[in-house]
file protein.txt (compact mmCIF, C-alpha atoms)
# COMPACT_ATOMS: atom_id res chain seq x y z
CA MET A 1 52.65 -87.72 55.79
CA THR A 2 51.65 -91.38 56.03
CA ALA A 3 54.37 -93.37 57.77
CA ASP A 4 56.51 -95.17 55.18
CA ASN A 5 60.21 -95.87 54.72
CA HIS A 6 59.90 -95.33 50.96
CA THR A 7 59.82 -91.64 50.15
CA ALA A 8 62.01 -91.59 47.02
CA LEU A 9 59.99 -90.45 44.02
CA CYS A 10 61.00 -90.14 40.36
CA VAL A 11 58.56 -88.32 38.07
CA LEU A 12 58.99 -88.65 34.32
CA GLY A 13 57.30 -85.63 32.79
CA THR A 14 56.85 -82.40 34.74
CA GLY A 15 53.92 -80.79 32.98
CA LEU A 16 50.67 -79.94 34.73
CA ILE A 17 50.05 -83.33 36.36
CA GLY A 18 53.61 -84.56 36.80
CA GLY A 19 54.90 -81.21 37.98
CA SER A 20 52.00 -80.76 40.39
CA LEU A 21 52.66 -84.26 41.70
CA LEU A 22 56.33 -83.48 42.26
CA ARG A 23 55.40 -80.32 44.14
CA ALA A 24 52.69 -81.99 46.22
CA ALA A 25 54.95 -84.90 47.13
CA ALA A 26 57.77 -82.56 48.13
CA ALA A 27 55.38 -80.69 50.40
CA ALA A 28 54.45 -84.04 51.97
CA GLY A 29 58.08 -84.87 52.74
CA TYR A 30 59.10 -87.00 49.77
CA THR A 31 62.54 -86.81 48.22
CA GLY A 32 61.57 -86.23 44.62
CA TRP A 33 63.24 -85.49 41.33
CA GLY A 34 62.10 -85.53 37.75
CA TYR A 35 62.73 -85.62 34.05
CA ASN A 36 61.50 -83.28 31.33
CA ARG A 37 62.56 -83.43 27.69
CA SER A 38 62.12 -79.70 27.13
CA ALA A 39 64.88 -77.29 28.13
CA PRO A 40 62.41 -74.49 29.03
CA GLY A 41 60.45 -76.93 31.19
CA VAL A 42 63.60 -78.02 32.99
CA ALA A 43 64.69 -74.42 33.50
CA ALA A 44 61.30 -73.41 34.91
CA ALA A 45 61.26 -76.29 37.39
CA GLN A 46 64.85 -75.65 38.45
CA LYS A 47 64.13 -71.95 38.92
CA ALA A 48 61.32 -72.96 41.28
CA GLY A 49 63.82 -75.01 43.28
CA PHE A 50 63.02 -78.50 42.03
CA ASP A 51 65.48 -81.19 40.97
CA VAL A 52 64.51 -81.71 37.32
CA SER A 53 66.82 -82.75 34.51
CA ASP A 54 66.70 -83.62 30.81
CA ASP A 55 69.15 -86.52 31.34
CA LEU A 56 66.76 -89.48 31.41
CA ALA A 57 69.45 -92.10 31.98
CA ALA A 58 70.79 -90.24 35.01
CA VAL A 59 67.33 -89.64 36.43
CA LEU A 60 66.46 -93.33 36.15
CA GLY A 61 69.86 -94.42 37.40
CA ARG A 62 69.18 -92.51 40.59
CA ALA A 63 65.79 -94.18 40.84
CA ALA A 64 67.39 -97.61 40.56
CA GLU A 65 69.90 -96.79 43.30
CA THR A 66 67.20 -95.66 45.74
CA ASP A 67 64.33 -98.04 44.85
CA ALA A 68 62.28 -94.95 44.00
CA LEU A 69 58.68 -95.13 42.95
CA ILE A 70 58.69 -94.12 39.28
CA VAL A 71 55.72 -92.17 37.95
CA VAL A 72 55.19 -91.98 34.18
CA ALA A 73 53.55 -88.58 33.69
CA VAL A 74 53.61 -88.12 29.93
CA PRO A 75 50.77 -88.33 27.37
CA MET A 76 50.01 -91.76 25.95
CA PRO A 77 51.95 -91.20 22.70
CA ALA A 78 55.15 -90.71 24.74
CA VAL A 79 54.67 -93.68 27.08
CA ASN A 80 56.63 -96.24 25.06
CA PRO A 81 59.94 -94.33 25.06
CA MET A 82 59.64 -93.87 28.83
CA LEU A 83 58.99 -97.57 29.40
CA ASP A 84 61.87 -98.49 27.10
CA ALA A 85 64.23 -96.36 29.21
CA ILE A 86 62.84 -97.73 32.47
CA ALA A 87 63.38 -101.29 31.24
CA GLN A 88 66.98 -100.39 30.47
CA TYR A 89 67.94 -98.36 33.54
CA ALA A 90 65.51 -99.12 36.39
CA PRO A 91 63.56 -102.33 35.70
CA GLN A 92 63.23 -103.34 39.36
CA CYS A 93 61.65 -100.12 40.62
CA PRO A 94 57.97 -99.95 41.53
CA LEU A 95 56.13 -98.22 38.70
CA THR A 96 52.94 -96.26 38.26
CA ASP A 97 51.55 -93.66 35.89
CA VAL A 98 49.04 -90.81 35.72
CA VAL A 99 47.89 -91.36 32.13
CA SER A 100 44.18 -90.89 31.42
CA VAL A 101 43.69 -94.44 30.11
CA LYS A 102 44.79 -97.61 31.82
CA SER A 103 44.42 -100.64 29.54
CA PRO A 104 46.77 -99.32 26.80
CA VAL A 105 49.38 -98.40 29.41
CA ALA A 106 49.11 -101.81 31.07
CA ALA A 107 49.55 -103.49 27.68
CA ALA A 108 52.65 -101.40 26.98
CA VAL A 109 54.04 -102.21 30.44
CA ARG A 110 53.67 -105.92 29.67
CA ARG A 111 55.46 -105.52 26.34
CA TYR A 112 58.48 -104.14 28.18
CA GLY A 113 58.38 -106.82 30.88
CA LEU A 114 57.68 -104.33 33.69
CA GLN A 115 54.32 -105.69 34.86
CA GLU A 116 55.46 -107.32 38.12
CA ARG A 117 55.83 -104.02 40.00
CA TYR A 118 53.41 -101.89 37.99
CA VAL A 119 50.25 -100.37 39.46
CA GLY A 120 48.13 -98.16 37.23
CA GLY A 121 47.11 -94.75 38.52
CA HIS A 122 45.04 -91.78 37.40
CA PRO A 123 44.32 -88.70 39.54
CA MET A 124 41.02 -87.20 38.44
CA ALA A 125 42.29 -83.65 38.52
CA GLY A 126 43.47 -81.10 36.00
CA THR A 127 42.89 -77.80 34.29
CA ALA A 128 42.85 -76.56 30.71
CA GLU A 129 46.39 -75.25 31.20
CA SER A 130 49.62 -77.16 30.64
CA GLY A 131 53.32 -76.99 31.41
CA TRP A 132 55.28 -76.32 34.58
CA GLN A 133 53.86 -72.81 34.85
CA ALA A 134 50.41 -74.34 35.45
CA THR A 135 51.50 -76.68 38.25
CA ASP A 136 49.82 -76.50 41.62
CA PRO A 137 50.75 -78.51 44.75
CA GLY A 138 47.09 -78.39 45.82
CA LEU A 139 45.78 -79.77 42.51
CA PHE A 140 44.97 -83.20 43.96
CA ARG A 141 43.38 -82.11 47.23
CA GLY A 142 40.10 -83.98 47.66
CA ALA A 143 40.36 -85.54 44.19
CA ALA A 144 39.61 -89.16 43.38
CA TRP A 145 42.80 -91.01 42.44
CA ALA A 146 42.19 -94.28 40.61
CA VAL A 147 44.64 -96.97 41.71
CA GLY A 148 44.70 -100.27 39.85
CA VAL A 149 43.58 -103.53 41.43
CA ASP A 150 43.97 -105.83 38.45
CA PRO A 151 44.73 -109.53 38.98
CA GLY A 152 48.37 -110.12 39.90
CA THR A 153 48.93 -106.64 41.39
CA ASP A 154 51.87 -106.64 43.80
CA PRO A 155 50.69 -105.53 47.28
CA HIS A 156 53.95 -103.75 48.14
CA ALA A 157 53.92 -101.67 44.96
CA TRP A 158 50.19 -101.05 45.37
CA THR A 159 50.67 -99.74 48.88
CA ARG A 160 53.36 -97.31 47.77
CA VAL A 161 51.15 -95.94 45.00
CA ALA A 162 48.14 -95.66 47.29
CA ARG A 163 50.19 -93.89 49.94
CA LEU A 164 51.50 -91.42 47.41
CA ALA A 165 47.93 -90.56 46.39
CA LEU A 166 46.89 -90.15 50.02
CA ASP A 167 49.93 -88.04 50.84
CA CYS A 168 48.95 -85.74 47.97
CA ALA A 169 45.58 -85.28 49.78
CA SER A 170 43.55 -87.40 47.35
CA VAL A 171 41.24 -90.30 48.09
CA VAL A 172 42.01 -93.68 46.52
CA VAL A 173 39.43 -95.34 44.28
CA PRO A 174 40.35 -98.99 43.59
CA VAL A 175 39.48 -99.99 40.02
CA THR A 176 40.55 -102.39 37.29
CA ALA A 177 41.99 -101.01 34.07
CA SER A 178 39.06 -101.99 31.85
CA GLU A 179 36.43 -100.64 34.25
CA HIS A 180 38.40 -97.41 34.63
CA ASP A 181 38.54 -96.87 30.88
CA ARG A 182 34.82 -97.45 30.41
CA ALA A 183 34.02 -95.06 33.24
CA VAL A 184 36.29 -92.21 32.13
CA ALA A 185 34.93 -92.49 28.59
CA ARG A 186 31.64 -91.30 30.10
CA ILE A 187 32.74 -88.70 32.62
CA SER A 188 35.95 -87.32 31.09
CA HIS A 189 36.46 -88.16 27.44
CA LEU A 190 32.88 -87.65 26.26
CA PRO A 191 32.77 -84.21 27.93
CA HIS A 192 35.88 -83.25 25.96
CA VAL A 193 34.18 -84.22 22.70
CA LEU A 194 30.94 -82.45 23.59
CA ALA A 195 32.81 -79.33 24.70
CA GLU A 196 34.58 -79.14 21.35
CA ALA A 197 31.28 -79.54 19.48
CA LEU A 198 29.58 -76.92 21.63
CA ALA A 199 32.43 -74.47 21.09
CA VAL A 200 32.19 -74.96 17.34
CA ALA A 201 28.41 -74.43 17.43
CA GLY A 202 28.83 -71.18 19.34
CA ALA A 203 31.53 -69.87 17.04
CA ARG A 204 29.36 -70.58 14.00
CA GLY A 205 26.87 -68.08 15.41
CA GLY A 206 29.42 -65.33 14.84
CA ASP A 207 30.26 -62.34 17.01
CA LEU A 208 26.68 -61.81 18.16
CA ALA A 209 26.35 -65.34 19.58
CA LEU A 210 29.75 -65.16 21.26
CA GLY A 211 28.95 -61.73 22.61
CA LEU A 212 25.80 -63.07 24.26
CA ALA A 213 27.47 -66.22 25.59
CA ALA A 214 27.42 -66.48 29.37
CA GLY A 215 27.78 -69.11 32.09
CA SER A 216 26.29 -72.17 30.46
CA PHE A 217 28.41 -71.74 27.32
CA ARG A 218 31.52 -70.89 29.35
CA ASP A 219 31.15 -73.90 31.65
CA GLY A 220 30.15 -76.26 28.87
CA THR A 221 33.18 -75.37 26.74
CA ARG A 222 35.79 -75.02 29.52
CA VAL A 223 37.83 -78.08 28.56
CA ALA A 224 37.80 -77.03 24.89
CA ALA A 225 40.48 -74.55 25.98
CA THR A 226 42.83 -77.53 26.36
CA ALA A 227 45.47 -77.82 23.64
CA PRO A 228 44.10 -79.96 20.78
CA ASP A 229 47.06 -82.35 20.76
CA LEU A 230 46.55 -83.02 24.46
CA VAL A 231 42.81 -83.67 23.99
CA ARG A 232 43.65 -86.16 21.26
CA ALA A 233 46.25 -87.84 23.48
CA ILE A 234 43.64 -88.14 26.22
CA CYS A 235 40.71 -89.40 24.15
CA GLU A 236 42.03 -91.32 21.17
CA PRO A 237 43.74 -94.17 23.09
CA ASN A 238 40.32 -94.94 24.63
CA SER A 239 38.56 -95.01 21.28
CA ASP A 240 36.59 -98.24 21.76
CA ALA A 241 34.98 -97.14 25.01
CA LEU A 242 34.50 -93.60 23.72
CA LEU A 243 32.82 -94.82 20.53
CA ALA A 244 30.34 -96.86 22.56
CA VAL A 245 29.31 -93.93 24.73
CA LEU A 246 29.25 -91.57 21.74
CA ASP A 247 26.79 -93.90 20.01
CA GLU A 248 24.65 -93.94 23.14
CA THR A 249 24.72 -90.14 23.38
CA LEU A 250 23.99 -89.62 19.70
CA ALA A 251 20.98 -91.91 20.04
CA ALA A 252 19.71 -89.82 22.97
CA LEU A 253 20.19 -86.60 21.00
CA THR A 254 18.45 -88.08 17.98
CA GLU A 255 15.47 -89.05 20.14
CA ALA A 256 15.41 -85.53 21.60
CA ARG A 257 15.51 -84.01 18.11
CA GLU A 258 12.63 -86.20 16.97
CA ALA A 259 10.57 -85.27 20.02
CA LEU A 260 11.30 -81.59 19.50
CA SER A 261 10.35 -81.83 15.82
CA ALA A 262 7.18 -83.85 16.36
CA HIS A 263 5.91 -82.46 19.65
CA THR A 264 7.96 -79.29 20.31
CA SER A 265 9.07 -80.99 23.50
CA LEU A 266 12.36 -81.79 25.24
CA ASP A 267 10.59 -83.21 28.26
CA GLU A 268 12.08 -86.70 28.20
CA LEU A 269 15.69 -85.56 27.84
CA THR A 270 15.46 -82.72 30.36
CA THR A 271 13.73 -84.89 32.94
CA ALA A 272 16.30 -87.67 32.59
CA GLY A 273 19.18 -85.21 32.59
CA HIS A 274 17.97 -83.42 35.70
CA ALA A 275 17.55 -86.72 37.54
CA ALA A 276 21.04 -87.83 36.51
CA ARG A 277 22.55 -84.56 37.72
CA GLN A 278 20.72 -84.90 41.03
CA ARG A 279 22.14 -88.39 41.41
CA TYR A 280 25.64 -87.03 40.83
CA GLU A 281 25.18 -84.26 43.37
CA SER A 282 23.77 -86.61 46.02
CA ALA A 283 26.33 -89.38 45.52
CA ARG A 284 28.29 -90.12 48.68
CA ARG A 285 31.58 -91.90 49.02
CA TRP A 286 31.99 -94.47 51.74
CA GLU A 287 35.24 -95.42 53.40
CA ILE A 288 36.87 -98.77 52.73
CA THR A 289 38.43 -100.25 55.85
CA ASP A 290 39.85 -103.59 57.01
CA ILE A 291 41.13 -104.74 53.64
CA GLU A 292 44.81 -105.55 53.99
CA PRO A 293 46.98 -105.47 50.84
CA GLY A 294 48.31 -108.96 50.24
CA ALA A 295 45.72 -110.75 52.39
CA PRO A 296 43.67 -113.51 50.74
CA GLY A 297 41.12 -112.04 48.35
CA TRP A 298 42.28 -108.44 48.87
CA LEU A 299 42.14 -107.49 45.19
CA GLU A 300 38.66 -108.90 44.66
CA LYS A 301 37.39 -107.15 47.79
CA LEU A 302 38.82 -103.82 46.64
CA GLN A 303 37.36 -104.29 43.16
CA ASP A 304 33.90 -104.85 44.63
CA ALA A 305 34.25 -101.89 47.00
CA GLY A 306 35.36 -99.52 44.26
CA ARG A 307 32.40 -100.48 42.06
CA THR A 308 29.97 -99.40 44.79
CA GLY A 309 31.51 -96.03 45.62
CA GLY A 310 34.09 -97.08 48.20
CA VAL A 311 37.24 -95.03 48.67
CA ILE A 312 40.34 -95.32 50.81
CA THR A 313 41.23 -92.28 52.90
CA ARG A 314 44.00 -93.75 55.03
CA LEU A 315 46.28 -96.75 55.28
CA ASP A 316 47.38 -98.23 58.57
CA THR A 317 51.14 -98.19 59.01
CA GLY A 318 51.10 -101.97 59.24
CA SER A 319 48.92 -102.52 56.20
CA GLU A 320 51.75 -103.58 53.90
CA ARG A 321 52.43 -107.27 54.34
CA ASN A 322 56.01 -108.45 54.46
call {"tool": "encode", "arguments": {"input": "protein.txt", "output": "structure tokens"}}
result
Amino acid sequence: MTADNHTALCVLGTGLIGGSLLRAAAAAGYTGWGYNRSAPGVAAAQKAGFDVSDDLAAVLGRAAETDALIVVAVPMPAVNPMLDAIAQYAPQCPLTDVVSVKSPVAAAVRRYGLQERYVGGHPMAGTAESGWQATDPGLFRGAAWAVGVDPGTDPHAWTRVARLALDCASVVVPVTASEHDRAVARISHLPHVLAEALAVAGARGGDLALGLAAGSFRDGTRVAATAPDLVRAICEPNSDALLAVLDETLAALTEAREALSAHTSLDELTTAGHAARQRYESARRWEITDIEPGAPGWLEKLQDAGRTGGVITRLDTGSERN
């Protein structure tokens, strides 16, 4: 584990992401505990040996006593009640989240007056499953973990969030909230929408079509197996960015349809798609070094590095300024 005196961790929400985070952090040596509103969820976590409770006030009171890093790990519709409780019971604790959108969470954090020690976070990892039974301590291994570098970010809180991501075996991608939301609209939220549409198209072909379906249909519809309420909680809060990329995609499909109708050809779309996939497969991360949290211009330097594919794979023990 990365050297750090702060290993107290409080996770609010112990479903797939929050529960996996609690398990990964425990394996890395953190002292972690959590909250879950559902009695079966609490029972499952406790049976697995984890300190999880449905007493939110007590969980947050413990966080306040230990200066724990609090992680909000609930879907966007449940964020406000969590922030309300944090403001009441643990307003001075460093705070992050793992919600799939960042600007709406940051706005909610400001409404509750918690922005001074807040750093947005989003591990780009998950499955179509949900609940404690789906948790996996290795879920984040090798994953990109977006960590916010918006103006005014506190370097001490930022370092704790970045270290948590690294200790869970992820790599840190520095990004502002607005840039994050525009990016995930393209590479996460749009795929959810397309997967749902593809699944519907396949089902409309009846038993014969589904009986013939193989790898391309299976892979293209994988995330459609996610619970509908969770898909909505992921995509709908990012509606502006998602609408923009949907319009762009619909225009591309319309052009492809017109070319197919007029010339029996999909050449333009397939050529562009193949090139884009090749670019994805050949993309290489590069390691960000020598940017010290809290040093002059550190946030701007990290913003620029993140935009060009830079990631953080380690933090020096002395990187947090006093």
call {"tool": "closest_residue", "arguments": {"input": "protein.txt", "among": "A:Val101, A:Val42, A:Leu164, A:Ala68", "to": "A:Pro237", "atoms": "only C-alpha atoms"}}
result
A:Val101
call {"tool": "residues_around", "arguments": {"input": "protein.txt", "residues": "A:Val74", "least_positions_apart": "4", "cutoff": "7 Å", "atoms": "all atoms listed in the file", "output": "mmCIF file with C-alpha atoms, in the frame of the given file"}}
result
data_model
loop_
_atom_site.group_PDB
_atom_site.id
_atom_site.type_symbol
_atom_site.label_atom_id
_atom_site.label_comp_id
_atom_site.auth_asym_id
_atom_site.auth_seq_id
_atom_site.Cartn_x
_atom_site.Cartn_y
_atom_site.Cartn_z
ATOM 1 C CA LEU A 12 58.990 -88.650 34.320
ATOM 2 C CA GLY A 13 57.300 -85.630 32.790
ATOM 3 C CA ALA A 78 55.150 -90.710 24.740
ATOM 4 C CA VAL A 79 54.670 -93.680 27.080
ATOM 5 C CA VAL A 99 47.890 -91.360 32.130
#
call {"tool": "atom_distance", "arguments": {"input": "protein.txt", "atom1": "atom CA of A:Ala295", "atom2": "atom CA of A:Glu116"}}
result
17.6 Å
call {"tool": "closest_residue", "arguments": {"input": "protein.txt", "among": "A:Thr127, A:Thr66, A:Gln46, A:Ser103", "to": "A:Ala224", "atoms": "all atoms listed in the file"}}
result
A:Thr127
call {"tool": "residues_around", "arguments": {"input": "protein.txt", "residues": "A:Ala209", "least_positions_apart": "6", "cutoff": "12 Å", "atoms": "all atoms listed in the file", "output": "ChimeraX atom specification"}}
result
/A:199-203,217
call {"tool": "residues_around", "arguments": {"input": "protein.txt", "residues": "A:Ala305", "least_positions_apart": "6", "cutoff": "8 Å", "atoms": "all atoms listed in the file", "output": "PyMOL selection string"}}
result
chain A and resi 174+288+311
call {"tool": "atom_distance", "arguments": {"input": "protein.txt", "atom1": "atom CA of A:Ala8", "atom2": "atom CA of A:Tyr30"}}
result
6.1 Å
call {"tool": "residues_near_point", "arguments": {"input": "protein.txt", "point": "(46.5, -88.9, 31.3)", "cutoff": "8 Å", "atoms": "all atoms listed in the file", "output": "number ranges by chain"}}
result
A: 73-76, 98-101, 122, 233-234
